[in-house]
Amino acid sequence: MLKIYGIPRSRAFRTLWMAKELGLEYENIPIDFATGGTRAPDYLKINPNGHVPTIDDDGFILWESMAINLYLAKKYSRGALYPIRFEDEARAWQWSFWGMTEVERPVLTALFNRALLPEDKRDAALADQSEHELGRPLMVLDNVVAATPYLLGEHFSVADLNVASILSWARPARIDFSHVPKMADWLKRCSERPAARAARDLQR
Ligand SMILES: N[C@@H](CCC(=O)N[C@@H](CS)C(=O)NCC(=O)O)C(=O)O
């Protein structure tokens with residue numbers, strides 16, 4: 001059975017959401033960074049980076065959340081969550097790399113400095129600067145989903161899941177969406193999918 005390493009309140013959420021979209025049976029091994037689980041010698045054998053998520057799919061070990069989701073979608077949902085056309089596949093990669101390089105750091109910085117860090121450790125100016133940095137990527141998304149309901153066109157795909165899961169931190173980071181209403185609608189459509197809700201329920 002597929003094993004997914006990482007507590008649901010980590011980037012493993014992205015993979016748990018994907019597993020639920022795919023209806024896969026899986027076992028979640030709740031490796032927790034807060035209690036040193038990501039540095040345990042046995043865990044470092046499967047992911048020497050000491051990060052979560054990692055999967056073990058019948059002995060095939062893979063880490064990096066975006067790569068894991070692209071792999072699972074391609075293996076279990078080609079023609080549905082994973083596109084068939086080469087160009088659409090490339091666009092799924094484009095959005096996944098883009099999410100990691102253009103969106104993840106600023107949204108996480110805002111989240112830490114507005115919500116997660118103890119109040120005396122928060123840097124309000126850094127959070128505001130991060131929100132400012134997100135302005136352009138959010139506009140890029142807004143323009144795309146103004147033209148089609150999902151990033152690759154008419155249907156929800158791994159591209160939407162990967163980007164929306166990164167942006168799931170935006171609300172708790174209090175990022176203002178008022179200038180990107182189409183993007184906000186798209187994020188809501190993605191986040192309200194039953195599989196996304198089910199993955200979020202695991203975080204409680
Ligand atoms: N680029 C990696 C980042 C993974 C990552 O940094 N995960 C965090 C949890 S959300 C982690 O494992 N931190 C624990 C640590 O660094 O000890 C991915 O997307 O999978």
# chains A, B, ... in the order shown; residues from 1 in each chain; ligands from 1

$ residues_around --residues "A:Arg39" --least-positions-apart "2" --cutoff "6 Å" --atoms "only C-alpha atoms" --output "PyMOL selection string"
chain A and resi 36-37+50

$ residues_around --residues "A:Asn28" --least-positions-apart "5" --cutoff "8 Å" --atoms "only C-alpha atoms" --output "short mmCIF file (atom, residue, chain, number, x, y, z; two decimals) with C-alpha atoms, in the first residue's frame"
data_model
loop_
_atom_site.label_atom_id
_atom_site.label_comp_id
_atom_site.auth_asym_id
_atom_site.auth_seq_id
_atom_site.Cartn_x
_atom_site.Cartn_y
_atom_site.Cartn_z
CA LYS A 3 2.84 5.12 2.33
CA ILE A 4 2.74 8.90 2.79
CA TYR A 5 5.22 10.24 5.34
CA GLY A 6 4.50 13.53 7.08
CA ILE A 7 1.91 14.97 9.42
#

$ residues_around --residues "stretch 114-116 of chain A" --least-positions-apart "3" --cutoff "9 Å" --atoms "only C-alpha atoms" --output "compact mmCIF listing (two decimals) with N, CA, C and O atoms, in the first residue's frame"
# COMPACT_ATOMS: atom_id res chain seq x y z
N THR A 109 6.44 33.15 4.21
CA THR A 109 7.02 34.22 5.04
C THR A 109 5.91 35.06 5.68
O THR A 109 5.96 35.40 6.87
N ALA A 110 4.88 35.37 4.87
CA ALA A 110 3.75 36.13 5.42
C ALA A 110 3.04 35.32 6.50
O ALA A 110 2.69 35.84 7.57
N LEU A 111 2.86 34.03 6.24
CA LEU A 111 2.16 33.18 7.22
C LEU A 111 2.93 33.15 8.55
O LEU A 111 2.34 33.33 9.63
N GLU A 119 4.26 36.16 18.91
CA GLU A 119 4.03 37.56 18.50
C GLU A 119 5.28 38.43 18.56
O GLU A 119 5.51 39.27 17.69
N ARG A 122 7.50 38.18 15.38
CA ARG A 122 6.96 38.47 14.05
C ARG A 122 7.52 39.79 13.50
O ARG A 122 7.72 40.73 14.26
N ASP A 123 7.74 39.80 12.19
CA ASP A 123 8.24 40.99 11.53
C ASP A 123 7.15 41.47 10.55
O ASP A 123 6.99 40.92 9.46
N ALA A 124 6.42 42.48 10.99
CA ALA A 124 5.25 42.93 10.22
C ALA A 124 5.69 43.50 8.87
O ALA A 124 5.02 43.29 7.84
N ALA A 127 6.40 40.70 6.48
CA ALA A 127 5.14 40.10 6.02
C ALA A 127 4.53 40.98 4.93
O ALA A 127 4.07 40.48 3.89
N PRO A 172 -4.82 32.04 5.92
CA PRO A 172 -4.30 32.26 7.28
C PRO A 172 -3.19 33.31 7.33
O PRO A 172 -2.95 33.92 8.38
N ALA A 173 -2.52 33.56 6.19
CA ALA A 173 -1.49 34.62 6.16
C ALA A 173 -2.12 35.99 5.92
O ALA A 173 -1.41 36.99 5.81
N ARG A 174 -3.45 36.01 5.81
CA ARG A 174 -4.22 37.25 5.61
C ARG A 174 -3.76 38.03 4.37
O ARG A 174 -3.60 39.26 4.41

$ select_by_dssp --residues "stretch 27-191 of chain A" --states "alpha helix (DSSP H)" --output "NGL selection string"
:A and (41-46 or 65-76 or 86-98 or 104-111 or 124-147 or 158-167 or 181-191)

$ atom_distance --atom1 "atom CA of A:Arg85" --atom2 "atom CA of A:Thr54"
27.6 Å

$ closest_residue --among "A:Ala199, A:Val103, A:Cys190, A:Ile46" --to "A:Glu133" --atoms "only C-alpha atoms"
A:Val103
